[in-house]
Amino acid sequence: MVFSTPVFLFAFLPLTILAFYLVNRRFGHEAGLALLLIASLIFYGWWDVRFMPLILGSMLVNYLIARAIRPGQGGWLLAFGVTVNLAALGVFKYADFFVRNLNGLTGLELAEPGLPLPLAISFFTFQQIAFLVDTARRITAPDTKPHRYGLFVAFFPQLIAGPIVHHRIISPQFAEKNRQSDLMANLGIGLSIFAVGLAKKVLLADNLAPYANSAFDSAAAGEPVGFLLAWSGALAYTLQIYFDFSGYSDMALGIARMFGFQLPINFNAPYKARSITDFWRRWHITLSQFLRDYLYISLGGNRAGQVRTLINLMIVMLLGGLWHGAAWTFVVWGGLHGAALIWCRMLDRWFPNGLFGRFWIGSAACTFLFVIITWVFFRAASFDAAAIMLQGMAGLNGLGAHPPNSPFLAVAIGLALIWSLPETAQIFYRQIEPEILKTAGVNPPRKERWKPNARWGWGLALLLFACMISSWSYSEFIYYNF
């Protein structure tokens with residue numbers, strides 16, 4: 001069940017909202033949360049009911065371990081909990097990858113397990129690891145009501161593709177009974193944020209996808225890709241993945257707000273970044289913060305000297321790349337970003353004001369160019385396909401035939417929107433809690449944006465109408481695969 005499909009838009013979401021507020025008013029706050037947990041499990045089971053025991057078992061095991069951990073003394077229980085989570089992720093997501101590489105190295109012919117990838121396992125695994133560590137660090141404490149913990153893990157707006165939500169952020173919100181008191185504000189603000197995210201997905205990302213697919217599919221088939229097709233495909237995918245993933249994140253924030261809850265911000269204008277360090281403060285913010293707080297710092301962070309700091313950065317980014325998918329192309333993508341982070345850190349020592357000084361456009365342009373090139377490895381089906389794309393982008397395969405359907409017009413529109421308009425969090429700056437804005441590093445808008453007035457209402461209504469017309473074709477979000 002995808003957010004942008006009719007069954008979700010016209011059945012699941014409105015029925016869940018109606019039932020939640022009715023039960024909340026008739027039977028109380030906890031009953032409303034319990035109903036929301038049931039709805040979230042139905043949402044998850046809709047994809048493939050076979051994975052229900054996995055997520056339920058994961059919730060139960062982690063909840064029991066957290067209750068057994070003594071605050072401030074994680075010890076073997078914390079190690080056991082983290083190991084169990086990583087083992088489950090490793091078996092389901094990386095078993096085939098491990099066997100395939102073992103066969104290649106040893107000449108063995110071991111059969112690949114061929115296990116299906118459970119939806120959202122990467123996200124709910126990281127989320128619960130963070131919960132166990134935070135419990136041991138006395139940052140948070142297990143809920144006394146198990147259904148609240150279940151909702152923390154399975155809350156359907158963020159379950160499938162994030163943002164990665166910390167227990168310390170969402171659990172206090174579940175405890176606040178007055179969050180559902182202003183129904184009209186929750187629905188008005190939530191629906192507005194949702195509309196922006198839905199437009200990113202169905203009007204922009206889905207229409208850019210064919211241009212990206214045309215180039216990368218040709219490369220995957222071993223066909224030479226000319227300069228024009230290679231750049232149109234790389235630029236189209238650069239925009240597609242941003243509009244697709246940030247659109248999902250906006251929809252998640254909007255849906256959660258319809259129920260009175262506020263999730264972390266996951267994007268803050270990443271393609272306006274002036275360095276790769278800045279990029280990772282703006283792109284998939286909750287993953288970046290997870291890798292920093294639970295991996296980079298655990299490895300020693302920057303406390304063991306310059307060389308060790310640079311090694312830690314590379315380890316984190318290599319594992320971050322592997323988290324995205326069981327393929328060496330993802331590892332190389334992470335390694336390239338790790339190398340860029342190391343370069344930025346060293347550059348800061350030599351040029352405190354940056355390589356371009358006050359000419360920030362130069363820094364932003366170089367950063368964006370690097371991101372485009374590295375997305376090739378992220379999207380390509382193999383290293384051979386990536387090499388064909390990069391050869392085309394370098395002009396080694398000639399200019400090539402002009403791509404069909406003028407993709408450069410679509411790319412130009414996408415770039416104009418990204419570079420001229422504020423990020424969603426800035427548009428709704430006054431409607432988002434200050435702590436959430438601060439954590440994501442969102443600056444105040446130059447002028448006030450969204451307002452609950454007729455002009456915004458009609459504009460968003462027309463946007464929703466256009467999205468509804470385009471939502472009849474099925475298209476999964478890119479990050480559903482991770």
# chains A, B, ... in the order shown; residues from 1 in each chain; ligands from 1
$ closest_atom_pairs --of "segment 201-314 of chain A" --to "segment 355-371 of chain A" --cutoff "9 Å" --atoms "only C-alpha atoms" --output "CSV"
residue,atom,partner,partner_atom,distance
A:Thr238,CA,A:Val371,CA,8.0
A:Tyr271,CA,A:Phe368,CA,6.2
A:Lys272,CA,A:Ala364,CA,6.3
A:Ala273,CA,A:Ala364,CA,5.8
A:Arg274,CA,A:Ala364,CA,4.2
A:Ser275,CA,A:Thr367,CA,5.4
A:Ile276,CA,A:Thr367,CA,6.2
A:Phe279,CA,A:Thr367,CA,8.0
$ residues_around --residues "segment 44-49 of chain A" --least-positions-apart "6" --cutoff "10 Å" --atoms "only C-alpha atoms" --output "PDB file with N, CA and C atoms, in the first residue's frame"
ATOM      1  N   MET A   1       0.853  -1.190   0.000  1.00  0.00           N
ATOM      2  CA  MET A   1       0.000   0.000   0.000  1.00  0.00           C
ATOM      3  C   MET A   1       0.892   1.244   0.000  1.00  0.00           C
ATOM      4  N   VAL A   2       0.965   1.916  -1.102  1.00  0.00           N
ATOM      5  CA  VAL A   2       1.812   3.099  -1.247  1.00  0.00           C
ATOM      6  C   VAL A   2       0.990   4.353  -0.951  1.00  0.00           C
ATOM      7  N   ILE A  38      -2.939  -1.054  15.686  1.00  0.00           N
ATOM      8  CA  ILE A  38      -3.587  -2.089  14.870  1.00  0.00           C
ATOM      9  C   ILE A  38      -3.619  -1.667  13.403  1.00  0.00           C
ATOM     10  N   ILE A  55       8.256  -8.733  12.387  1.00  0.00           N
ATOM     11  CA  ILE A  55       8.198  -7.418  13.031  1.00  0.00           C
ATOM     12  C   ILE A  55       7.608  -7.524  14.435  1.00  0.00           C
ATOM     13  N   PRO A 118      12.330  -8.520   3.868  1.00  0.00           N
ATOM     14  CA  PRO A 118      11.176  -7.960   4.577  1.00  0.00           C
ATOM     15  C   PRO A 118      11.117  -6.442   4.446  1.00  0.00           C
ATOM     16  N   LEU A 119       9.964  -5.933   4.171  1.00  0.00           N
ATOM     17  CA  LEU A 119       9.798  -4.491   4.008  1.00  0.00           C
ATOM     18  C   LEU A 119      10.177  -3.762   5.291  1.00  0.00           C
ATOM     19  N   ALA A 120      10.955  -2.706   5.156  1.00  0.00           N
ATOM     20  CA  ALA A 120      11.294  -1.775   6.243  1.00  0.00           C
ATOM     21  C   ALA A 120      12.246  -2.350   7.279  1.00  0.00           C
ATOM     22  N   ALA A 154       6.066   0.637  14.870  1.00  0.00           N
ATOM     23  CA  ALA A 154       5.243   0.313  13.697  1.00  0.00           C
ATOM     24  C   ALA A 154       4.407   1.471  13.173  1.00  0.00           C
ATOM     25  N   PHE A 155       4.512   2.658  13.741  1.00  0.00           N
ATOM     26  CA  PHE A 155       3.684   3.800  13.320  1.00  0.00           C
ATOM     27  C   PHE A 155       3.768   3.949  11.807  1.00  0.00           C
ATOM     28  N   PHE A 156       2.670   3.741  11.118  1.00  0.00           N
ATOM     29  CA  PHE A 156       2.722   3.524   9.672  1.00  0.00           C
ATOM     30  C   PHE A 156       3.247   4.696   8.839  1.00  0.00           C
ATOM     31  N   LEU A 159       7.066   3.968   9.086  1.00  0.00           N
ATOM     32  CA  LEU A 159       7.528   2.587   9.217  1.00  0.00           C
ATOM     33  C   LEU A 159       8.347   2.126   8.019  1.00  0.00           C
ATOM     34  N   ILE A 160       7.900   2.422   6.812  1.00  0.00           N
ATOM     35  CA  ILE A 160       8.470   1.802   5.616  1.00  0.00           C
ATOM     36  C   ILE A 160       9.801   2.421   5.201  1.00  0.00           C
TER      37      ILE A 160
END
$ residues_around --residues "Ile241 of chain A" --least-positions-apart "3" --cutoff "10 Å" --atoms "only C-alpha atoms" --output "PyMOL selection string"
chain A and resi 201+205-206+208-209+236-238+244-247+375+379+477-479
$ residues_around --residues "segment 310-318 of chain A" --least-positions-apart "2" --cutoff "9 Å" --atoms "only C-alpha atoms" --output "short mmCIF file (atom, residue, chain, number, x, y, z; two decimals) with C-alpha atoms, in the first residue's frame"
data_model
loop_
_atom_site.label_atom_id
_atom_site.label_comp_id
_atom_site.auth_asym_id
_atom_site.auth_seq_id
_atom_site.Cartn_x
_atom_site.Cartn_y
_atom_site.Cartn_z
CA LEU A 291 25.49 6.95 11.95
CA ARG A 292 27.13 9.80 13.86
CA LEU A 295 28.59 4.31 14.99
CA TYR A 296 31.03 7.18 14.50
CA ILE A 297 31.11 8.12 18.20
CA LEU A 299 34.33 4.02 17.01
CA GLY A 300 35.99 6.89 18.84
CA GLY A 301 34.78 9.81 16.77
CA ASN A 302 37.43 12.52 16.63
CA GLY A 305 43.73 11.89 16.67
CA GLN A 306 43.46 13.04 13.08
CA VAL A 307 44.31 9.75 11.34
CA ARG A 308 41.89 7.71 13.42
CA GLY A 320 26.26 3.52 5.40
CA GLY A 321 26.56 2.59 1.74
CA LEU A 322 26.14 -1.11 2.53
CA TRP A 323 23.04 -0.30 4.61
CA PHE A 330 26.44 0.85 -2.84
CA VAL A 331 29.68 0.28 -0.92
CA VAL A 332 31.63 2.24 -3.55
CA TRP A 333 29.02 5.01 -3.41
CA GLY A 334 29.51 5.18 0.36
CA GLY A 335 33.29 5.04 -0.02
CA LEU A 336 33.30 7.95 -2.45
CA HIS A 337 31.29 10.03 0.00
CA GLY A 338 33.65 8.93 2.77
CA ALA A 339 36.62 10.11 0.71
CA LEU A 341 34.17 13.88 3.81
CA ILE A 342 37.85 13.24 4.51
CA ARG A 345 37.88 17.80 6.80
#
$ closest_atom_pairs --of "segment 114-220 of chain A" --to "segment 56-80 of chain A" --cutoff "6 Å" --atoms "only C-alpha atoms" --output "JSON lines"
{"residue": "A:Leu132", "atom": "CA", "partner": "A:Ala66", "partner_atom": "CA", "distance": 5.8}
{"residue": "A:Ala136", "atom": "CA", "partner": "A:Gly74", "partner_atom": "CA", "distance": 4.7}
{"residue": "A:Arg137", "atom": "CA", "partner": "A:Gly72", "partner_atom": "CA", "distance": 5.1}
{"residue": "A:Arg138", "atom": "CA", "partner": "A:Pro71", "partner_atom": "CA", "distance": 5.3}
$ residues_around --residues "Gln127 of chain A" --least-positions-apart "6" --cutoff "8 Å" --atoms "only C-alpha atoms" --output "PyMOL selection string"
chain A and resi 153+164-166
$ write_last_selection --atoms "C-alpha atoms" --output "compact mmCIF listing (two decimals), in the first residue's frame"
# COMPACT_ATOMS: atom_id res chain seq x y z
CA VAL A 153 8.19 0.87 16.05
CA ILE A 164 14.34 7.07 11.71
CA VAL A 165 12.49 8.19 14.83
CA HIS A 166 14.05 8.15 18.28
$ decode --residues "segment 356-386 of chain A" --atoms "N, CA and C atoms" --output "mmCIF file, in the first residue's frame"
data_model
loop_
_atom_site.group_PDB
_atom_site.id
_atom_site.type_symbol
_atom_site.label_atom_id
_atom_site.label_comp_id
_atom_site.auth_asym_id
_atom_site.auth_seq_id
_atom_site.Cartn_x
_atom_site.Cartn_y
_atom_site.Cartn_z
ATOM 1 N N PHE A 356 36.729 28.114 -2.212
ATOM 2 C CA PHE A 356 36.290 29.227 -3.054
ATOM 3 C C PHE A 356 36.049 30.507 -2.254
ATOM 4 N N GLY A 357 36.334 30.470 -0.960
ATOM 5 C CA GLY A 357 36.141 31.669 -0.151
ATOM 6 C C GLY A 357 34.689 32.110 -0.131
ATOM 7 N N ARG A 358 34.492 33.383 -0.400
ATOM 8 C CA ARG A 358 33.138 33.933 -0.376
ATOM 9 C C ARG A 358 32.318 33.559 -1.614
ATOM 10 N N PHE A 359 32.981 33.016 -2.607
ATOM 11 C CA PHE A 359 32.283 32.616 -3.830
ATOM 12 C C PHE A 359 31.600 31.262 -3.594
ATOM 13 N N TRP A 360 30.535 31.297 -2.806
ATOM 14 C CA TRP A 360 29.885 30.064 -2.359
ATOM 15 C C TRP A 360 29.235 29.303 -3.516
ATOM 16 N N ILE A 361 28.912 29.995 -4.600
ATOM 17 C CA ILE A 361 28.292 29.315 -5.740
ATOM 18 C C ILE A 361 29.251 28.269 -6.308
ATOM 19 N N GLY A 362 30.550 28.581 -6.315
ATOM 20 C CA GLY A 362 31.533 27.605 -6.783
ATOM 21 C C GLY A 362 31.540 26.354 -5.922
ATOM 22 N N SER A 363 31.489 26.545 -4.605
ATOM 23 C CA SER A 363 31.453 25.397 -3.695
ATOM 24 C C SER A 363 30.193 24.573 -3.897
ATOM 25 N N ALA A 364 29.047 25.246 -4.038
ATOM 26 C CA ALA A 364 27.774 24.553 -4.229
ATOM 27 C C ALA A 364 27.761 23.787 -5.548
ATOM 28 N N ALA A 365 28.324 24.397 -6.606
ATOM 29 C CA ALA A 365 28.348 23.745 -7.920
ATOM 30 C C ALA A 365 29.223 22.496 -7.900
ATOM 31 N N CYS A 366 30.397 22.583 -7.270
ATOM 32 C CA CYS A 366 31.283 21.416 -7.183
ATOM 33 C C CYS A 366 30.652 20.302 -6.362
ATOM 34 N N THR A 367 30.003 20.670 -5.288
ATOM 35 C CA THR A 367 29.330 19.675 -4.443
ATOM 36 C C THR A 367 28.224 18.978 -5.223
ATOM 37 N N PHE A 368 27.423 19.751 -5.930
ATOM 38 C CA PHE A 368 26.310 19.178 -6.689
ATOM 39 C C PHE A 368 26.829 18.267 -7.800
ATOM 40 N N LEU A 369 27.899 18.681 -8.461
ATOM 41 C CA LEU A 369 28.488 17.844 -9.518
ATOM 42 C C LEU A 369 28.977 16.517 -8.942
ATOM 43 N N PHE A 370 29.620 16.563 -7.793
ATOM 44 C CA PHE A 370 30.096 15.332 -7.154
ATOM 45 C C PHE A 370 28.918 14.421 -6.809
ATOM 46 N N VAL A 371 27.847 14.988 -6.284
ATOM 47 C CA VAL A 371 26.671 14.195 -5.909
ATOM 48 C C VAL A 371 26.068 13.522 -7.136
ATOM 49 N N ILE A 372 25.977 14.256 -8.252
ATOM 50 C CA ILE A 372 25.432 13.683 -9.489
ATOM 51 C C ILE A 372 26.257 12.474 -9.928
ATOM 52 N N ILE A 373 27.568 12.628 -9.939
ATOM 53 C CA ILE A 373 28.447 11.551 -10.399
ATOM 54 C C ILE A 373 28.330 10.326 -9.491
ATOM 55 N N THR A 374 28.295 10.538 -8.195
ATOM 56 C CA THR A 374 28.229 9.393 -7.282
ATOM 57 C C THR A 374 26.869 8.700 -7.328
ATOM 58 N N TRP A 375 25.809 9.432 -7.663
ATOM 59 C CA TRP A 375 24.501 8.779 -7.818
ATOM 60 C C TRP A 375 24.534 7.726 -8.919
ATOM 61 N N VAL A 376 25.450 7.847 -9.856
ATOM 62 C CA VAL A 376 25.566 6.857 -10.931
ATOM 63 C C VAL A 376 25.832 5.472 -10.349
ATOM 64 N N PHE A 377 26.731 5.386 -9.382
ATOM 65 C CA PHE A 377 27.022 4.097 -8.741
ATOM 66 C C PHE A 377 25.827 3.618 -7.923
ATOM 67 N N PHE A 378 25.112 4.538 -7.311
ATOM 68 C CA PHE A 378 23.941 4.192 -6.508
ATOM 69 C C PHE A 378 22.842 3.584 -7.372
ATOM 70 N N ARG A 379 22.642 4.124 -8.571
ATOM 71 C CA ARG A 379 21.537 3.707 -9.432
ATOM 72 C C ARG A 379 21.919 2.565 -10.376
ATOM 73 N N ALA A 380 23.167 2.484 -10.792
ATOM 74 C CA ALA A 380 23.572 1.516 -11.810
ATOM 75 C C ALA A 380 23.394 0.088 -11.319
ATOM 76 N N ALA A 381 23.017 -0.801 -12.233
ATOM 77 C CA ALA A 381 22.791 -2.199 -11.888
ATOM 78 C C ALA A 381 24.093 -2.945 -11.636
ATOM 79 N N SER A 382 25.210 -2.432 -12.139
ATOM 80 C CA SER A 382 26.506 -3.101 -11.991
ATOM 81 C C SER A 382 27.607 -2.084 -12.229
ATOM 82 N N PHE A 383 28.841 -2.496 -11.951
ATOM 83 C CA PHE A 383 29.974 -1.613 -12.223
ATOM 84 C C PHE A 383 30.142 -1.385 -13.725
ATOM 85 N N ASP A 384 29.845 -2.406 -14.509
ATOM 86 C CA ASP A 384 29.937 -2.238 -15.960
ATOM 87 C C ASP A 384 28.956 -1.169 -16.441
ATOM 88 N N ALA A 385 27.738 -1.216 -15.902
ATOM 89 C CA ALA A 385 26.736 -0.211 -16.279
ATOM 90 C C ALA A 385 27.162 1.176 -15.817
ATOM 91 N N ALA A 386 27.729 1.247 -14.609
ATOM 92 C CA ALA A 386 28.210 2.539 -14.105
ATOM 93 C C ALA A 386 29.329 3.076 -14.985
#
